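**Student:** Dumping the structure here so I can ask a few things about it.
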Amino acid sequence: MSGPVDRSGQDPAIGADAPSGGFRKGAFGVTGSGDTSGFGGLVRVEPGGAVALHSTDRPYGGWFDEVTDALIEAVGEATYAAAVQRVLVDRGEITYFVAREHLLTLVQALRDDEALRFELCSSVSGVDYLDSGGPAVDPGRPRLHVVYHLTSMTYRRRIRLEVAVTAEDAHVPSVTGVYPTADWHEREAWDMFGIVFDGHPALTRILMPDDWDGHPQRKDYPLGGIPVEYHDATIPPPDTRRAYR
């Protein structure tokens with residue numbers, strides 16, 4: 001049996017309020033009523049935050065170096081250096097953090113070059129890193145990320161591209177011209193996160209009604225809700241249950 005779990009949701013070494021140094025303890029950042037998830041001892045760091053900003057040194061290992069060398073050869077060293085801001089190898093996966101201005105150049109090469117052949121874009125998703133364990137948010141910080149999972153059916157390989165933008169300038173080029181399967185994925189990322197995919201053939205909502213106000217998966221979107229009566233008990237709306245941050 002494991003030892004006692006700290007259910008206070010607070011770490012005396014970190015403090016009870018905002019996260020410090022890019023770290024946060026617990027599963028949900030709960031204060032007051034405590035974190036009853038059993039993950040109270042979990043310490044998280046925001047991807048893109050103070051600790052995760054490093055770039056993995058080469059050699060990356062395995063076929064990761066083959067793909068990187070082939071990509072450099074396909075687009076040229078100068079373009080690669082301008083396009084790829086950093087590379088992270090973690091848990092057997094490789095992620096290229098890409099400047100949005102060069103995204104289309106890279107995905108075109110990744111799909112068409114004979115040494116790469118990443119024919120399938122299996123997923124395009126959005127992430128909002130507002131107040132998720134990293135440094136304090138300021139207007140110039142790119143809190144919105146777009147994540148692309150590319151698969152090579154030819155070589156049985158998978159890589160990840162990640163593009164970061166600010167909420168104030170949430171524009172990313174659409175990759176539908178290279179990967180038509182990204183059409184509905186980009187629409188969902190627009191609907192849920194408000195990321196505008198420039199050049200998309202029909203960037204409309206896909207889950208929420210057309211006249212919906214806001215983007216529900218942004219971290220600053222209000223939880224809302226109504227009280228629910230259940231077996232002589234009243235369950236309060238989510239935004240009144242705990243001190244979520």
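By convention in this document, the chains of the structure tokens carry letters A, B, ... by their order, each chain's residues are numbered from 1, and ligands are numbered from 1 in the order they are shown.
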As a PyMOL selection string, which residues of range 87-245 of chain A does DSSP assign to strand (DSSP E or B)?
**Tutor:** chain A and resi 87-90+93-98+120-128+144-152+157-165+171-173+196-198+228-230+233-235
**Student:** Using only C-alpha atoms, which protein or nucleic acid residues come within 9 Å of Phe97 in chain A? Drop anything in the same chain fewer than 3 positions from it, and give the result as a list in words.
**Tutor:**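 Listed by chain and then number, they are Ala83, Val84, Gln85, Arg86, Val87, Leu88, Arg160, Leu161, Glu162, Val163 and Ala164 of chain A.
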**Student:** Using backbone DSSP assignments, extract all helix (DSSP H, G or I) residues from range 82-162 of chain A; output them as a tab-separated table (two decimals) with N, CA and C atoms, in the first residue's frame.
**Tutor:**
chain	number	residue	atom	x	y	z
A	82	ALA	N	15.72	28.20	-40.34
A	82	ALA	CA	14.71	29.23	-40.09
A	82	ALA	C	13.38	28.63	-39.69
A	83	ALA	N	13.08	27.44	-40.19
A	83	ALA	CA	11.76	26.84	-39.97
A	83	ALA	C	11.65	26.09	-38.66
A	100	ARG	N	5.44	29.15	-38.09
A	100	ARG	CA	4.28	29.02	-38.98
A	100	ARG	C	4.57	29.50	-40.40
A	101	GLU	N	5.48	30.46	-40.56
A	101	GLU	CA	5.78	30.98	-41.88
A	101	GLU	C	6.36	29.91	-42.81
A	102	HIS	N	6.94	28.86	-42.23
A	102	HIS	CA	7.60	27.83	-43.03
A	102	HIS	C	6.86	26.50	-42.97
A	103	LEU	N	5.69	26.48	-42.38
A	103	LEU	CA	4.97	25.22	-42.19
A	103	LEU	C	4.68	24.53	-43.52
A	104	LEU	N	4.14	25.26	-44.49
A	104	LEU	CA	3.75	24.64	-45.75
A	104	LEU	C	4.95	24.10	-46.52
A	105	THR	N	6.07	24.79	-46.45
A	105	THR	CA	7.28	24.30	-47.11
A	105	THR	C	7.70	22.97	-46.53
A	106	LEU	N	7.64	22.85	-45.21
A	106	LEU	CA	8.06	21.61	-44.56
A	106	LEU	C	7.11	20.46	-44.85
A	107	VAL	N	5.80	20.70	-44.72
A	107	VAL	CA	4.88	19.57	-44.93
A	107	VAL	C	4.89	19.11	-46.38
A	108	GLN	N	5.10	20.03	-47.32
A	108	GLN	CA	5.20	19.63	-48.73
A	108	GLN	C	6.39	18.70	-48.92
A	109	ALA	N	7.53	19.05	-48.33
A	109	ALA	CA	8.72	18.21	-48.46
A	109	ALA	C	8.53	16.88	-47.72
A	110	LEU	N	7.91	16.94	-46.56
A	110	LEU	CA	7.70	15.70	-45.79
A	110	LEU	C	6.80	14.73	-46.53
A	111	ARG	N	5.83	15.24	-47.27
A	111	ARG	CA	4.95	14.35	-48.02
A	111	ARG	C	5.60	13.83	-49.30
A	112	ASP	N	6.30	14.70	-50.04
A	112	ASP	CA	6.70	14.37	-51.40
A	112	ASP	C	8.10	13.81	-51.56
**Student:** Could you list, with a cut-off of 8 Å and counting only C-alpha atoms, the residues of range 125-200 of chain A near range 210-228 of chain A, each shown with its nearest atom pair and the distance in Å rounded to one decimal, rows sorted by chain and ascending number, as a Markdown table?
**Tutor:**
| residue | atom | partner | partner_atom | distance |
| --- | --- | --- | --- | --- |
| A:Asp128 | CA | A:Arg218 | CA | 5.9 |
| A:Tyr129 | CA | A:Lys219 | CA | 7.6 |
| A:Leu130 | CA | A:Lys219 | CA | 6.0 |
| A:Asp131 | CA | A:Lys219 | CA | 7.9 |
| A:Trp190 | CA | A:His215 | CA | 7.9 |
| A:Asp191 | CA | A:His215 | CA | 5.9 |
| A:Met192 | CA | A:His215 | CA | 4.7 |
| A:Phe193 | CA | A:His215 | CA | 5.1 |
| A:Gly194 | CA | A:His215 | CA | 5.7 |
**Student:** Can you write out the residues you just picked, keeping N, CA and C atoms, as a PDB file, in the first residue's frame?
**Tutor:**
ATOM      1  N   ASP A 128      -4.319  24.651 -25.580  1.00  0.00           N
ATOM      2  CA  ASP A 128      -4.199  25.970 -24.950  1.00  0.00           C
ATOM      3  C   ASP A 128      -3.391  25.803 -23.672  1.00  0.00           C
ATOM      4  N   TYR A 129      -2.205  26.411 -23.616  1.00  0.00           N
ATOM      5  CA  TYR A 129      -1.332  26.292 -22.460  1.00  0.00           C
ATOM      6  C   TYR A 129      -1.452  27.483 -21.510  1.00  0.00           C
ATOM      7  N   LEU A 130      -2.616  28.103 -21.487  1.00  0.00           N
ATOM      8  CA  LEU A 130      -2.849  29.177 -20.527  1.00  0.00           C
ATOM      9  C   LEU A 130      -2.827  28.629 -19.108  1.00  0.00           C
ATOM     10  N   ASP A 131      -1.940  29.170 -18.252  1.00  0.00           N
ATOM     11  CA  ASP A 131      -1.909  28.836 -16.831  1.00  0.00           C
ATOM     12  C   ASP A 131      -1.958  27.337 -16.582  1.00  0.00           C
ATOM     13  N   TRP A 190     -10.444  25.291 -35.030  1.00  0.00           N
ATOM     14  CA  TRP A 190     -10.999  26.651 -35.078  1.00  0.00           C
ATOM     15  C   TRP A 190     -12.197  26.767 -34.140  1.00  0.00           C
ATOM     16  N   ASP A 191     -13.091  25.792 -34.204  1.00  0.00           N
ATOM     17  CA  ASP A 191     -14.313  25.822 -33.405  1.00  0.00           C
ATOM     18  C   ASP A 191     -14.002  25.817 -31.913  1.00  0.00           C
ATOM     19  N   MET A 192     -13.096  24.953 -31.491  1.00  0.00           N
ATOM     20  CA  MET A 192     -12.832  24.771 -30.057  1.00  0.00           C
ATOM     21  C   MET A 192     -11.808  25.760 -29.504  1.00  0.00           C
ATOM     22  N   PHE A 193     -10.833  26.188 -30.328  1.00  0.00           N
ATOM     23  CA  PHE A 193      -9.729  27.008 -29.815  1.00  0.00           C
ATOM     24  C   PHE A 193      -9.624  28.387 -30.467  1.00  0.00           C
ATOM     25  N   GLY A 194     -10.368  28.626 -31.538  1.00  0.00           N
ATOM     26  CA  GLY A 194     -10.294  29.927 -32.190  1.00  0.00           C
ATOM     27  C   GLY A 194      -9.028  30.134 -32.986  1.00  0.00           C
TER      28      GLY A 194
END
**Student:** Please list as a VMD selection string every residue within 9 Å of range 52-69 of chain A, counting only C-alpha atoms and excluding residues in the same chain fewer than 6 positions away.
**Tutor:** chain A and resid 45 to 46 85 to 90 93 to 94 115 to 116 157 159
**Student:** For the residues in the current selection, export N, CA and C atoms as a compact mmCIF listing (two decimals), in the first residue's frame.
**Tutor:**
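File produced: out-v7.txt:
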# COMPACT_ATOMS: atom_id res chain seq x y z
N VAL A 45 5.09 20.05 -15.53
CA VAL A 45 5.68 21.25 -16.12
C VAL A 45 5.02 21.46 -17.46
N GLU A 46 4.72 22.69 -17.77
CA GLU A 46 4.05 23.01 -19.01
C GLU A 46 4.95 22.75 -20.20
N GLN A 85 12.44 25.56 -35.00
CA GLN A 85 12.91 26.33 -33.86
C GLN A 85 13.61 25.46 -32.84
N ARG A 86 13.14 24.25 -32.67
CA ARG A 86 13.80 23.27 -31.80
C ARG A 86 13.22 21.90 -32.08
N VAL A 87 13.93 20.88 -31.61
CA VAL A 87 13.51 19.49 -31.79
C VAL A 87 13.55 18.81 -30.43
N LEU A 88 12.49 18.10 -30.11
CA LEU A 88 12.41 17.42 -28.82
C LEU A 88 12.18 15.94 -29.03
N VAL A 89 13.07 15.12 -28.48
CA VAL A 89 12.91 13.67 -28.50
C VAL A 89 12.58 13.23 -27.08
N ASP A 90 11.44 12.60 -26.92
CA ASP A 90 10.99 12.22 -25.58
C ASP A 90 10.08 11.00 -25.69
N GLU A 93 9.52 9.42 -29.12
CA GLU A 93 8.84 10.20 -30.15
C GLU A 93 9.64 11.47 -30.44
N ILE A 94 9.50 11.97 -31.66
CA ILE A 94 10.22 13.18 -32.05
C ILE A 94 9.22 14.26 -32.46
N ALA A 115 12.74 10.20 -49.68
CA ALA A 115 13.36 9.69 -48.46
C ALA A 115 12.50 9.93 -47.22
N LEU A 116 11.39 10.65 -47.38
CA LEU A 116 10.53 10.98 -46.24
C LEU A 116 9.18 10.28 -46.36
N ARG A 157 6.74 5.08 -40.09
CA ARG A 157 7.29 6.04 -39.13
C ARG A 157 6.24 7.10 -38.83
N ILE A 159 5.95 11.14 -37.02
CA ILE A 159 6.58 12.30 -36.40
C ILE A 159 5.49 13.30 -36.00
**Student:** Point out the residue among A:His200, A:Arg205, A:Arg117, A:His231 with the least atom-to-atom distance to Arg156 in chain A, counting only C-alpha atoms.
**Tutor:** A:Arg117
**Student:** Quick one: everything within 6 Å of Ala170 in chain A, counting only C-alpha atoms, minus sequence neighbours fewer than 3 positions away in the same chain. Send it as a ChimeraX atom specification.
**Tutor:** /A:165-167,195-196
**Student:** Keeping only all heavy atoms, write the selected residues to a file as a PDB file, in the first residue's frame.
**Tutor:**
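Output below, filename result00.pdb:
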ATOM      1  N   VAL A 165       1.284  29.887 -31.516  1.00  0.00           N
ATOM      2  CA  VAL A 165       0.885  31.258 -31.851  1.00  0.00           C
ATOM      3  C   VAL A 165       0.271  31.912 -30.618  1.00  0.00           C
ATOM      4  O   VAL A 165      -0.129  31.231 -29.670  1.00  0.00           O
ATOM      5  CB  VAL A 165      -0.127  31.296 -33.018  1.00  0.00           C
ATOM      6  CG1 VAL A 165       0.500  30.791 -34.299  1.00  0.00           C
ATOM      7  CG2 VAL A 165      -1.379  30.496 -32.676  1.00  0.00           C
ATOM      8  N   THR A 166       0.187  33.222 -30.647  1.00  0.00           N
ATOM      9  CA  THR A 166      -0.453  33.939 -29.548  1.00  0.00           C
ATOM     10  C   THR A 166      -1.963  33.971 -29.766  1.00  0.00           C
ATOM     11  O   THR A 166      -2.457  33.820 -30.888  1.00  0.00           O
ATOM     12  CB  THR A 166       0.067  35.384 -29.459  1.00  0.00           C
ATOM     13  OG1 THR A 166      -0.323  36.095 -30.642  1.00  0.00           O
ATOM     14  CG2 THR A 166       1.587  35.407 -29.324  1.00  0.00           C
ATOM     15  N   ALA A 167      -2.692  34.203 -28.685  1.00  0.00           N
ATOM     16  CA  ALA A 167      -4.146  34.334 -28.786  1.00  0.00           C
ATOM     17  C   ALA A 167      -4.527  35.590 -29.550  1.00  0.00           C
ATOM     18  O   ALA A 167      -5.604  35.654 -30.157  1.00  0.00           O
ATOM     19  CB  ALA A 167      -4.771  34.346 -27.391  1.00  0.00           C
ATOM     20  N   ILE A 195      -8.391  29.058 -33.437  1.00  0.00           N
ATOM     21  CA  ILE A 195      -7.200  29.163 -34.272  1.00  0.00           C
ATOM     22  C   ILE A 195      -7.648  29.279 -35.726  1.00  0.00           C
ATOM     23  O   ILE A 195      -8.375  28.416 -36.233  1.00  0.00           O
ATOM     24  CB  ILE A 195      -6.281  27.945 -34.083  1.00  0.00           C
ATOM     25  CG1 ILE A 195      -5.830  27.852 -32.617  1.00  0.00           C
ATOM     26  CG2 ILE A 195      -5.071  28.036 -35.012  1.00  0.00           C
ATOM     27  CD1 ILE A 195      -5.140  26.553 -32.269  1.00  0.00           C
ATOM     28  N   VAL A 196      -7.236  30.346 -36.390  1.00  0.00           N
ATOM     29  CA  VAL A 196      -7.651  30.615 -37.766  1.00  0.00           C
ATOM     30  C   VAL A 196      -6.663  29.976 -38.728  1.00  0.00           C
ATOM     31  O   VAL A 196      -5.456  30.278 -38.688  1.00  0.00           O
ATOM     32  CB  VAL A 196      -7.735  32.127 -38.019  1.00  0.00           C
ATOM     33  CG1 VAL A 196      -8.188  32.397 -39.456  1.00  0.00           C
ATOM     34  CG2 VAL A 196      -8.685  32.788 -37.027  1.00  0.00           C
TER      35      VAL A 196
END
